[in-house]
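Notes for the one structure printed next.
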Protein chains: 2
Amino acid sequence: MNKLDNTYNLKQIGIIRTPYENSAPYQPLQNDENEFILILDEKYKDGLKELDKFSFIYIIYYMHKIKKEPKMLITPPWAENKTVGLFASRSPVRPNPIGISIVEIKKIIDNKIYTSGLDAFNNTPLLDIKPYINDLDKKSNAGYGWILDTNNEEHLNLHIKGIPHNH
Amino acid sequence: MNKLDNTYNLKQIGIIRTPYENSAPYQPLQNDENEFILILDEKYKDGLKELDKFSFIYIIYYMHKIKKEPKMLITPPWAENKTVGLFASRSPVRPNPIGISIVEIKKIIDNKIYTSGLDAFNNTPLLDIKPYINDLDKKSNAGYGWILDTNNEEHLNLHIKGIPHNH
């Protein structure tokens with residue numbers, strides 16, 4: 001496997017405004033009443049034409065607050081006796097701190113996209129936006145993986161759905 | 001919007017083997033009999049533990065063959081009279097050439113993940129792998145956006161499903 005020490009430069013194309021300064025939910029909250037806005041650099045504004053015809057978008061961002069070194073084996077906070085590989089998890093501490101969220105578009109005004117709840121910190125650098133397309137991105141036969149091995153489905157559901165709770 | 005000239009360094013974590021050297025389908029082909037393999041750098045191998053419990057994964061990669069400057073307004077090759085914004089499209093020519101594909105896991109052997117068909121060139125640098133989780137990533141109310149504005153749904157379907165054809 002040649003060329004494995006390559007690095008690639010990505011540039012910020014906008015900024016993500018969320019209410020989360022120091023802690024964020026594990027996943028987007030359902031029916032979050034806070035304001036979530038993607039503000040695109042003015043020079044990319046025309047790239048939003050017709051985007052509002054889609055219900056959902058992927059947003060791709062750089063998780064700038066993550067400073068820890070990734071570990072290849074992790075234990076999810078809600079599954080004490082379970083050890084899984086990092087790539088079998090959504091942990092943000094990864095070799096490349098790229099975050100992907102699927103959000104609903106509420107409205108687009110000028111260079112601003114107002115979206116449904118989003119699990120990113122305020123001022124997170126935006127890297128890309130792609131439309132979520134029904135047949136391409138909806139895998140009807142997708143499963144839950146190792147998540148169903150745990151005996152704590154109810155608690156787990158809170159994490160999957162991003163509902164705040166105490167441990 | 002401060003700090004907008006930021007750039008971020010990402011590192012290659014593996015390499016993607018596909019049969020496509022100079023041309024690739026627009027989307028993964030269904031039932032492609034070719035071999036598609038993600039080869040992870042040995043040092044990340046443990047990060048694959050339990051990944052095979054999932055049916056589908058997101059793979060995130062750097063589209064290293066894209067050298068063109070992106071245009072904010074594009075006309076899809078199959079929709080001659082339609083102009084849409086770049087971010088309302090899946091065009092690979094973007095400010096950040098990050099590709100995302102959802103593929104099915106066939107088998108994982110050591111540091112190699114054998115997958116279903118994939119619309120990336122051979123030797124594409126791999127940046128991340130994340131599990132596709134049923135409830136999180138499947139949006140039952142997602143639509144088709146501007147794509148249904150075109151009057152050529154049959155032809156369009158070939159593009160959406162990645163079926164090769166002539167224009």
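Each chain of the structure tokens is named A, B, ... in the order shown, its residues numbered from 1; ligands are numbered from 1 in display order.
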
If we count only C-alpha atoms, which residues of chain A reach to within 7 Å of chain B? Please list them as a ChimeraX atom specification.
/A:4-12,14,44,46-51,53-56,72-73,84-90,96,127-131,133-134,136,138-139,142-146,160

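Atom CA of A:Phe36 to atom CA of A:Ile16 spans 7.4 Å [interatomic distance, one decimal].
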